[in-house]
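A.B. asks: Questions regarding the structure given below will be posed in turn.
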Amino acid sequence: MTTTFPDISINTDRLVLRALEEADAPALAEMMNDEMVAAWTAVPQPYTEPAAHRWITEYAPTERAAGRGLDLAVTEFLTQRLVGIVQLSNTNWRVRSTEMSYIIAPWARGEGYASEAALATAQWLFGDQKFERLELRTAADNTASQQVAQKIGCISEGVLRNACIARTRTEDGSWTELRTDFIVWGLLPEDLDGVADQMAEAGYSSYTDWS
């Protein structure tokens, strides 16, 4: 039984999802220093280019080789500019289940890129990799991430109370941690029925291909 993800490229009308490359380090570091990313993720702040380089050359390849997950750069098809990241983690190959998270650069928000990239990844997981479950966890106050989950057909399955640590700015400009809830979302293959058509009607890409 296969227990690692392949080196994959996933294409939509507007996006290409591919393995992270060393040339992505500056844009990746810039994206990780955004206020919203800092608030809802555990990445160190400030986030440096050397840290981005280690993610690209060490962490991501190790996670894929060990079968734990997959890190994909989300890029614009026309400009090749780094739009964001889709990350798969906590993969269970016997259950055929994995957890998805996503980050979108501040300049690219509001274009439907997160939903498009997440849906394309889910279609690939269910269609090509024969997965049976995709899970997302969103902080209770992270409404933007929750909207993405809903758009791609996820079902809210419950709340993990006090399971998430977020960050907020203090009066002196530093970061402080606060504890909040995780909302757990589940996506099964049958949940995708009609989702691509609905997104296409809303003006977002419904075409997905992978190689």
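Letters A, B, ... go to the chains of the structure tokens in the order shown; residues in each chain start at 1; ligands are counted from 1 in the same order.
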Residues within 8 Å of Arg161 (chain A), please, as a PyMOL selection string. Count only C-alpha atoms; anything in the same chain fewer than 6 positions from it doesn't count.
C.D. replies: chain A and resi 180-182
A.B. asks: Using all heavy atoms, can you write the selected residues to a file as an mmCIF file, in the first residue's frame?
C.D. replies:
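The resulting file, selection07.cif, is reproduced below:
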```cif
data_model
loop_
_atom_site.group_PDB
_atom_site.id
_atom_site.type_symbol
_atom_site.label_atom_id
_atom_site.label_comp_id
_atom_site.auth_asym_id
_atom_site.auth_seq_id
_atom_site.Cartn_x
_atom_site.Cartn_y
_atom_site.Cartn_z
ATOM 1 N N THR A 180 -8.609 29.437 22.392
ATOM 2 C CA THR A 180 -9.952 29.466 21.823
ATOM 3 C C THR A 180 -10.328 28.058 21.372
ATOM 4 O O THR A 180 -9.575 27.105 21.599
ATOM 5 C CB THR A 180 -10.020 30.473 20.651
ATOM 6 O OG1 THR A 180 -11.379 30.578 20.198
ATOM 7 C CG2 THR A 180 -9.124 30.053 19.503
ATOM 8 N N ASP A 181 -11.475 27.929 20.729
ATOM 9 C CA ASP A 181 -11.963 26.621 20.288
ATOM 10 C C ASP A 181 -11.563 26.348 18.841
ATOM 11 O O ASP A 181 -11.353 27.280 18.055
ATOM 12 C CB ASP A 181 -13.491 26.551 20.385
ATOM 13 C CG ASP A 181 -14.004 26.757 21.793
ATOM 14 O OD1 ASP A 181 -13.245 26.526 22.748
ATOM 15 O OD2 ASP A 181 -15.174 27.166 21.935
ATOM 16 N N PHE A 182 -11.498 25.082 18.498
ATOM 17 C CA PHE A 182 -11.393 24.639 17.111
ATOM 18 C C PHE A 182 -12.761 24.147 16.640
ATOM 19 O O PHE A 182 -13.417 23.381 17.341
ATOM 20 C CB PHE A 182 -10.418 23.466 16.978
ATOM 21 C CG PHE A 182 -9.036 23.830 16.542
ATOM 22 C CD1 PHE A 182 -7.930 23.213 17.132
ATOM 23 C CD2 PHE A 182 -8.813 24.739 15.531
ATOM 24 C CE1 PHE A 182 -6.648 23.538 16.729
ATOM 25 C CE2 PHE A 182 -7.529 25.061 15.116
ATOM 26 C CZ PHE A 182 -6.449 24.459 15.727
#
```
A.B. asks: Excluding Gly127 (chain A) and residues on its chain fewer than 2 positions from it, collect all residues at most 12 Å away from it, counting only C-alpha atoms, and give them as a list in words.
C.D. replies: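 Close residues of Gly127 (chain A): Leu119, Ala120, Thr121, Ala122, Gln123, Trp124, Leu125, Gln129, Lys130, Phe131, Glu132, Arg133, Leu188, Pro189, Glu190, Leu192, Thr208, Asp209 and Trp210 of chain A.
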A.B. asks: Write out as a list in words which residues come within 8 Å of Ile56 (chain A) when counting only C-alpha atoms, dropping same-chain ones fewer than 3 positions away.
C.D. replies: Leu20, Glu21, Glu22, Ala25, Ala52, His53, Tyr59, Ala60 and Pro61 of chain A
A.B. asks: Point out the residue among A:Ala166, A:Trp107, A:Thr4, A:Asp34 with the least atom-to-atom distance to Pro46 (chain A), counting only C-alpha atoms.
C.D. replies: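 When distances to Pro46 (chain A) are compared using only C-alpha atoms, the smallest one comes from A:Asp34.
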A.B. asks: Identify all residues of region 1-210 of chain A in strand (DSSP E or B) (DSSP on the backbone) and supply them as an mmCIF file with N, CA, C and O atoms, in the first residue's frame.
C.D. replies:
```cif
data_model
loop_
_atom_site.group_PDB
_atom_site.id
_atom_site.type_symbol
_atom_site.label_atom_id
_atom_site.label_comp_id
_atom_site.auth_asym_id
_atom_site.auth_seq_id
_atom_site.Cartn_x
_atom_site.Cartn_y
_atom_site.Cartn_z
ATOM 1 N N ILE A 10 -1.030 20.189 -9.554
ATOM 2 C CA ILE A 10 -2.475 20.266 -9.719
ATOM 3 C C ILE A 10 -2.800 21.592 -10.394
ATOM 4 O O ILE A 10 -2.355 22.645 -9.942
ATOM 5 N N ASN A 11 -3.572 21.550 -11.468
ATOM 6 C CA ASN A 11 -3.870 22.753 -12.245
ATOM 7 C C ASN A 11 -5.359 23.071 -12.227
ATOM 8 O O ASN A 11 -6.200 22.171 -12.317
ATOM 9 N N LEU A 15 -4.835 28.629 -11.369
ATOM 10 C CA LEU A 15 -3.802 28.299 -10.397
ATOM 11 C C LEU A 15 -3.010 27.062 -10.789
ATOM 12 O O LEU A 15 -3.504 26.193 -11.509
ATOM 13 N N VAL A 16 -1.790 27.003 -10.283
ATOM 14 C CA VAL A 16 -0.979 25.793 -10.325
ATOM 15 C C VAL A 16 -0.516 25.500 -8.901
ATOM 16 O O VAL A 16 0.074 26.361 -8.242
ATOM 17 N N LEU A 17 -0.812 24.305 -8.428
ATOM 18 C CA LEU A 17 -0.346 23.854 -7.119
ATOM 19 C C LEU A 17 0.802 22.886 -7.359
ATOM 20 O O LEU A 17 0.639 21.878 -8.068
ATOM 21 N N ARG A 18 1.949 23.173 -6.778
ATOM 22 C CA ARG A 18 3.159 22.388 -7.044
ATOM 23 C C ARG A 18 4.008 22.334 -5.782
ATOM 24 O O ARG A 18 3.717 22.991 -4.776
ATOM 25 N N ALA A 19 5.086 21.552 -5.848
ATOM 26 C CA ALA A 19 6.018 21.490 -4.725
ATOM 27 C C ALA A 19 6.679 22.850 -4.500
ATOM 28 O O ALA A 19 6.902 23.613 -5.451
ATOM 29 N N LEU A 70 1.832 16.744 2.958
ATOM 30 C CA LEU A 70 2.277 17.321 1.692
ATOM 31 C C LEU A 70 2.090 18.830 1.769
ATOM 32 O O LEU A 70 1.048 19.317 2.202
ATOM 33 N N ASP A 71 3.128 19.567 1.348
ATOM 34 C CA ASP A 71 3.064 21.024 1.299
ATOM 35 C C ASP A 71 3.100 21.467 -0.163
ATOM 36 O O ASP A 71 4.046 21.137 -0.882
ATOM 37 N N LEU A 72 2.097 22.217 -0.581
ATOM 38 C CA LEU A 72 1.997 22.654 -1.970
ATOM 39 C C LEU A 72 2.004 24.174 -2.053
ATOM 40 O O LEU A 72 1.270 24.857 -1.325
ATOM 41 N N ALA A 73 2.847 24.703 -2.934
ATOM 42 C CA ALA A 73 2.800 26.121 -3.260
ATOM 43 C C ALA A 73 1.624 26.359 -4.195
ATOM 44 O O ALA A 73 1.422 25.622 -5.158
ATOM 45 N N VAL A 74 0.837 27.389 -3.909
ATOM 46 C CA VAL A 74 -0.270 27.787 -4.774
ATOM 47 C C VAL A 74 0.193 29.012 -5.561
ATOM 48 O O VAL A 74 0.517 30.042 -4.976
ATOM 49 N N THR A 75 0.257 28.895 -6.876
ATOM 50 C CA THR A 75 0.777 29.979 -7.707
ATOM 51 C C THR A 75 -0.236 30.374 -8.777
ATOM 52 O O THR A 75 -1.048 29.553 -9.213
ATOM 53 N N GLU A 76 -0.188 31.629 -9.192
ATOM 54 C CA GLU A 76 -1.014 32.072 -10.305
ATOM 55 C C GLU A 76 -0.509 31.456 -11.599
ATOM 56 O O GLU A 76 0.693 31.454 -11.863
ATOM 57 N N LEU A 82 3.540 33.566 -6.147
ATOM 58 C CA LEU A 82 3.082 32.730 -5.041
ATOM 59 C C LEU A 82 1.838 33.336 -4.405
ATOM 60 O O LEU A 82 1.877 34.430 -3.846
ATOM 61 N N VAL A 83 0.732 32.619 -4.495
ATOM 62 C CA VAL A 83 -0.549 33.049 -3.961
ATOM 63 C C VAL A 83 -0.714 32.596 -2.519
ATOM 64 O O VAL A 83 -1.269 33.305 -1.677
ATOM 65 N N GLY A 84 -0.236 31.378 -2.229
ATOM 66 C CA GLY A 84 -0.439 30.838 -0.897
ATOM 67 C C GLY A 84 0.124 29.436 -0.763
ATOM 68 O O GLY A 84 0.941 28.984 -1.574
ATOM 69 N N ILE A 85 -0.346 28.759 0.267
ATOM 70 C CA ILE A 85 0.100 27.408 0.596
ATOM 71 C C ILE A 85 -1.120 26.548 0.909
ATOM 72 O O ILE A 85 -2.053 27.008 1.571
ATOM 73 N N VAL A 86 -1.119 25.315 0.435
ATOM 74 C CA VAL A 86 -2.042 24.289 0.903
ATOM 75 C C VAL A 86 -1.208 23.204 1.556
ATOM 76 O O VAL A 86 -0.235 22.716 0.969
ATOM 77 N N GLN A 87 -1.578 22.850 2.770
ATOM 78 C CA GLN A 87 -0.797 21.876 3.533
ATOM 79 C C GLN A 87 -1.683 20.718 3.962
ATOM 80 O O GLN A 87 -2.782 20.917 4.486
ATOM 81 N N LEU A 88 -1.200 19.505 3.724
ATOM 82 C CA LEU A 88 -1.837 18.289 4.230
ATOM 83 C C LEU A 88 -0.969 17.740 5.351
ATOM 84 O O LEU A 88 0.259 17.705 5.227
ATOM 85 N N SER A 89 -1.611 17.296 6.431
ATOM 86 C CA SER A 89 -0.851 16.815 7.592
ATOM 87 C C SER A 89 -1.665 15.764 8.338
ATOM 88 O O SER A 89 -2.842 15.539 8.051
ATOM 89 N N ASN A 90 -1.005 15.130 9.313
ATOM 90 C CA ASN A 90 -1.664 14.114 10.154
ATOM 91 C C ASN A 90 -2.363 13.051 9.305
ATOM 92 O O ASN A 90 -3.493 12.644 9.598
ATOM 93 N N THR A 91 -1.681 12.606 8.259
ATOM 94 C CA THR A 91 -2.275 11.658 7.316
ATOM 95 C C THR A 91 -2.319 10.252 7.897
ATOM 96 O O THR A 91 -1.336 9.771 8.463
ATOM 97 N N ASN A 92 -3.461 9.605 7.755
ATOM 98 C CA ASN A 92 -3.637 8.217 8.173
ATOM 99 C C ASN A 92 -3.907 7.394 6.923
ATOM 100 O O ASN A 92 -4.993 7.475 6.332
ATOM 101 N N SER A 97 -7.289 9.179 5.332
ATOM 102 C CA SER A 97 -7.760 10.457 5.834
ATOM 103 C C SER A 97 -6.571 11.385 6.041
ATOM 104 O O SER A 97 -5.468 10.939 6.379
ATOM 105 N N THR A 98 -6.783 12.683 5.829
ATOM 106 C CA THR A 98 -5.731 13.666 6.075
ATOM 107 C C THR A 98 -6.371 14.984 6.474
ATOM 108 O O THR A 98 -7.569 15.195 6.286
ATOM 109 N N GLU A 99 -5.560 15.868 7.041
ATOM 110 C CA GLU A 99 -6.045 17.179 7.495
ATOM 111 C C GLU A 99 -5.490 18.269 6.588
ATOM 112 O O GLU A 99 -4.297 18.261 6.261
ATOM 113 N N MET A 100 -6.335 19.193 6.176
ATOM 114 C CA MET A 100 -5.926 20.274 5.282
ATOM 115 C C MET A 100 -5.917 21.616 5.998
ATOM 116 O O MET A 100 -6.788 21.904 6.814
ATOM 117 N N SER A 101 -4.924 22.434 5.669
ATOM 118 C CA SER A 101 -4.918 23.831 6.077
ATOM 119 C C SER A 101 -4.452 24.661 4.892
ATOM 120 O O SER A 101 -3.856 24.130 3.944
ATOM 121 N N TYR A 102 -4.714 25.969 4.926
ATOM 122 C CA TYR A 102 -4.371 26.815 3.790
ATOM 123 C C TYR A 102 -4.062 28.222 4.282
ATOM 124 O O TYR A 102 -4.608 28.686 5.291
ATOM 125 N N ILE A 103 -3.174 28.871 3.572
ATOM 126 C CA ILE A 103 -2.801 30.261 3.844
ATOM 127 C C ILE A 103 -2.771 30.982 2.505
ATOM 128 O O ILE A 103 -2.228 30.468 1.527
ATOM 129 N N ILE A 104 -3.345 32.169 2.470
ATOM 130 C CA ILE A 104 -3.356 32.983 1.254
ATOM 131 C C ILE A 104 -2.667 34.316 1.550
ATOM 132 O O ILE A 104 -2.912 34.939 2.592
ATOM 133 N N ARG A 133 -11.632 10.666 3.459
ATOM 134 C CA ARG A 133 -12.006 11.723 4.391
ATOM 135 C C ARG A 133 -10.945 12.824 4.378
ATOM 136 O O ARG A 133 -9.733 12.545 4.331
ATOM 137 N N LEU A 134 -11.421 14.066 4.400
ATOM 138 C CA LEU A 134 -10.564 15.232 4.538
ATOM 139 C C LEU A 134 -11.094 16.042 5.714
ATOM 140 O O LEU A 134 -12.293 16.279 5.821
ATOM 141 N N GLU A 135 -10.191 16.449 6.592
ATOM 142 C CA GLU A 135 -10.596 17.185 7.789
ATOM 143 C C GLU A 135 -9.955 18.563 7.816
ATOM 144 O O GLU A 135 -8.808 18.728 7.422
ATOM 145 N N LEU A 136 -10.707 19.557 8.254
ATOM 146 C CA LEU A 136 -10.200 20.905 8.457
ATOM 147 C C LEU A 136 -10.522 21.331 9.876
ATOM 148 O O LEU A 136 -11.568 20.955 10.431
ATOM 149 N N ARG A 137 -9.631 22.123 10.460
ATOM 150 C CA ARG A 137 -9.877 22.690 11.786
ATOM 151 C C ARG A 137 -9.675 24.192 11.700
ATOM 152 O O ARG A 137 -8.610 24.656 11.284
ATOM 153 N N THR A 138 -10.684 24.949 12.073
ATOM 154 C CA THR A 138 -10.608 26.396 11.997
ATOM 155 C C THR A 138 -10.836 26.988 13.379
ATOM 156 O O THR A 138 -11.717 26.533 14.119
ATOM 157 N N ALA A 139 -10.050 28.001 13.732
ATOM 158 C CA ALA A 139 -10.261 28.688 15.000
ATOM 159 C C ALA A 139 -11.656 29.297 15.021
ATOM 160 O O ALA A 139 -12.196 29.712 13.984
ATOM 161 N N ILE A 155 -18.692 19.764 6.065
ATOM 162 C CA ILE A 155 -19.757 19.710 7.053
ATOM 163 C C ILE A 155 -19.148 19.971 8.431
ATOM 164 O O ILE A 155 -18.162 19.332 8.811
ATOM 165 N N SER A 156 -19.747 20.904 9.169
ATOM 166 C CA SER A 156 -19.289 21.160 10.535
ATOM 167 C C SER A 156 -19.666 19.977 11.418
ATOM 168 O O SER A 156 -20.835 19.600 11.497
ATOM 169 N N GLU A 157 -18.670 19.386 12.058
ATOM 170 C CA GLU A 157 -18.895 18.154 12.810
ATOM 171 C C GLU A 157 -18.822 18.342 14.324
ATOM 172 O O GLU A 157 -19.135 17.418 15.076
ATOM 173 N N GLY A 158 -18.385 19.504 14.778
ATOM 174 C CA GLY A 158 -18.333 19.713 16.223
ATOM 175 C C GLY A 158 -17.268 20.714 16.608
ATOM 176 O O GLY A 158 -16.618 21.331 15.756
ATOM 177 N N VAL A 159 -17.091 20.863 17.905
ATOM 178 C CA VAL A 159 -16.154 21.838 18.453
ATOM 179 C C VAL A 159 -15.198 21.143 19.407
ATOM 180 O O VAL A 159 -15.620 20.354 20.263
ATOM 181 N N LEU A 160 -13.911 21.424 19.223
ATOM 182 C CA LEU A 160 -12.895 20.997 20.185
ATOM 183 C C LEU A 160 -12.647 22.185 21.121
ATOM 184 O O LEU A 160 -11.992 23.155 20.746
ATOM 185 N N ARG A 161 -13.177 22.113 22.314
ATOM 186 C CA ARG A 161 -13.133 23.249 23.214
ATOM 187 C C ARG A 161 -11.713 23.502 23.734
ATOM 188 O O ARG A 161 -11.016 22.574 24.128
ATOM 189 N N ASN A 162 -11.310 24.795 23.678
ATOM 190 C CA ASN A 162 -10.016 25.225 24.216
ATOM 191 C C ASN A 162 -8.832 24.521 23.570
ATOM 192 O O ASN A 162 -7.768 24.398 24.178
ATOM 193 N N ALA A 163 -8.999 24.043 22.319
ATOM 194 C CA ALA A 163 -7.960 23.235 21.676
ATOM 195 C C ALA A 163 -7.023 24.048 20.795
ATOM 196 O O ALA A 163 -6.052 23.515 20.272
ATOM 197 N N CYS A 164 -7.315 25.346 20.613
ATOM 198 C CA CYS A 164 -6.545 26.168 19.687
ATOM 199 C C CYS A 164 -5.903 27.339 20.426
ATOM 200 O O CYS A 164 -6.529 27.949 21.297
ATOM 201 N N ILE A 165 -4.651 27.620 20.083
ATOM 202 C CA ILE A 165 -3.983 28.805 20.606
ATOM 203 C C ILE A 165 -3.781 29.782 19.461
ATOM 204 O O ILE A 165 -3.087 29.488 18.496
ATOM 205 N N ALA A 166 -4.427 30.927 19.551
ATOM 206 C CA ALA A 166 -4.287 32.000 18.569
ATOM 207 C C ALA A 166 -3.440 33.105 19.181
ATOM 208 O O ALA A 166 -3.009 33.017 20.331
ATOM 209 N N ARG A 167 -3.215 34.171 18.401
ATOM 210 C CA ARG A 167 -2.421 35.289 18.898
ATOM 211 C C ARG A 167 -3.131 36.599 18.596
ATOM 212 O O ARG A 167 -3.849 36.713 17.601
ATOM 213 N N THR A 168 -2.894 37.580 19.439
ATOM 214 C CA THR A 168 -3.447 38.910 19.217
ATOM 215 C C THR A 168 -2.420 39.955 19.625
ATOM 216 O O THR A 168 -1.536 39.688 20.442
ATOM 217 N N ARG A 169 -2.535 41.143 19.045
ATOM 218 C CA ARG A 169 -1.615 42.229 19.356
ATOM 219 C C ARG A 169 -1.962 42.857 20.717
ATOM 220 O O ARG A 169 -3.124 43.034 21.055
ATOM 221 N N TRP A 175 3.009 40.436 20.440
ATOM 222 C CA TRP A 175 1.988 39.406 20.324
ATOM 223 C C TRP A 175 1.761 38.736 21.660
ATOM 224 O O TRP A 175 2.694 38.518 22.427
ATOM 225 N N THR A 176 0.528 38.407 21.950
ATOM 226 C CA THR A 176 0.211 37.589 23.113
ATOM 227 C C THR A 176 -0.710 36.454 22.688
ATOM 228 O O THR A 176 -1.466 36.591 21.716
ATOM 229 N N GLU A 177 -0.622 35.327 23.373
ATOM 230 C CA GLU A 177 -1.412 34.161 23.004
ATOM 231 C C GLU A 177 -2.734 34.142 23.755
ATOM 232 O O GLU A 177 -2.826 34.607 24.892
ATOM 233 N N LEU A 178 -3.766 33.619 23.100
ATOM 234 C CA LEU A 178 -5.046 33.418 23.734
ATOM 235 C C LEU A 178 -5.600 32.072 23.298
ATOM 236 O O LEU A 178 -5.345 31.619 22.180
ATOM 237 N N ARG A 179 -6.322 31.461 24.185
ATOM 238 C CA ARG A 179 -6.866 30.127 23.916
ATOM 239 C C ARG A 179 -8.296 30.250 23.415
ATOM 240 O O ARG A 179 -9.084 31.037 23.923
ATOM 241 N N THR A 180 -8.609 29.437 22.392
ATOM 242 C CA THR A 180 -9.952 29.466 21.823
ATOM 243 C C THR A 180 -10.328 28.058 21.372
ATOM 244 O O THR A 180 -9.575 27.105 21.599
ATOM 245 N N ASP A 181 -11.475 27.929 20.729
ATOM 246 C CA ASP A 181 -11.963 26.621 20.288
ATOM 247 C C ASP A 181 -11.563 26.348 18.841
ATOM 248 O O ASP A 181 -11.353 27.280 18.055
ATOM 249 N N PHE A 182 -11.498 25.082 18.498
ATOM 250 C CA PHE A 182 -11.393 24.639 17.111
ATOM 251 C C PHE A 182 -12.761 24.147 16.640
ATOM 252 O O PHE A 182 -13.417 23.381 17.341
ATOM 253 N N ILE A 183 -13.182 24.602 15.468
ATOM 254 C CA ILE A 183 -14.328 24.003 14.805
ATOM 255 C C ILE A 183 -13.804 22.934 13.850
ATOM 256 O O ILE A 183 -12.905 23.204 13.051
ATOM 257 N N VAL A 184 -14.334 21.731 13.951
ATOM 258 C CA VAL A 184 -13.888 20.610 13.118
ATOM 259 C C VAL A 184 -14.844 20.455 11.939
ATOM 260 O O VAL A 184 -16.067 20.382 12.114
ATOM 261 N N TRP A 185 -14.272 20.424 10.742
ATOM 262 C CA TRP A 185 -15.029 20.246 9.514
ATOM 263 C C TRP A 185 -14.600 18.942 8.840
ATOM 264 O O TRP A 185 -13.411 18.622 8.806
ATOM 265 N N GLY A 186 -15.550 18.204 8.309
ATOM 266 C CA GLY A 186 -15.254 16.984 7.584
ATOM 267 C C GLY A 186 -15.741 17.069 6.148
ATOM 268 O O GLY A 186 -16.777 17.683 5.866
ATOM 269 N N LEU A 187 -14.973 16.476 5.242
ATOM 270 C CA LEU A 187 -15.356 16.413 3.832
ATOM 271 C C LEU A 187 -15.168 14.982 3.347
ATOM 272 O O LEU A 187 -14.077 14.413 3.485
ATOM 273 N N ASP A 209 -7.057 19.569 -13.039
ATOM 274 C CA ASP A 209 -6.274 18.515 -13.667
ATOM 275 C C ASP A 209 -5.031 18.307 -12.820
ATOM 276 O O ASP A 209 -4.593 19.204 -12.101
ATOM 277 N N TRP A 210 -4.435 17.138 -12.909
ATOM 278 C CA TRP A 210 -3.218 16.880 -12.143
ATOM 279 C C TRP A 210 -2.292 15.984 -12.942
ATOM 280 O O TRP A 210 -2.710 15.233 -13.812
#
```
A.B. asks: Could you list, as JSON, numbers by chain, every residue within 12 Å of Gly110 (chain A), counting only C-alpha atoms and ignoring same-chain residues fewer than 3 positions away?
C.D. replies: {"A": [83, 104, 105, 106, 107, 113, 114, 115, 116, 144, 145, 147, 148, 204]}
A.B. asks: Could you give me the residues within chain A that DSSP places in helix (DSSP H, G or I), as a ChimeraX atom specification?
C.D. replies: /A:22-32,35-40,49-65,106-108,113-127,143-151,189-192,195-201
A.B. asks: For Asn142 (chain A), which residue out of A:Ala27, A:Val95, A:Met36, A:Ile8 is the nearest one, using only C-alpha atoms?
C.D. replies: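 Answer, going by the shortest atom-to-atom distance: A:Met36.
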A.B. asks: Counting only C-alpha atoms, which residue out of A:Ser174, A:Gln150, A:Thr12, A:Thr2 sits closest to Ala65 (chain A)?
C.D. replies: A:Thr2
A.B. asks: One decimal, Å: what's the distance from CA of Ala66 (chain A) over to CA of Met31 (chain A), could you say?
C.D. replies: 26.4 Å
A.B. asks: Counting only C-alpha atoms, which residue out of A:Gly112, A:Phe126, A:Gly67, A:Ala29 sits closest to Asp191 (chain A)?
C.D. replies: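 Result for the nearest residue to Asp191 (chain A): A:Phe126.
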A.B. asks: Quick one, how far is CA of Arg14 (chain A) from CA of Phe77 (chain A)?
C.D. replies: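 Going from CA of Arg14 (chain A) over to CA of Phe77 (chain A) covers 5.2 Å.
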A.B. asks: Counting only C-alpha atoms, which residue out of A:Arg81, A:Thr143, A:Glu58, A:Arg64 sits closest to Ala108 (chain A)?
C.D. replies: A:Arg81
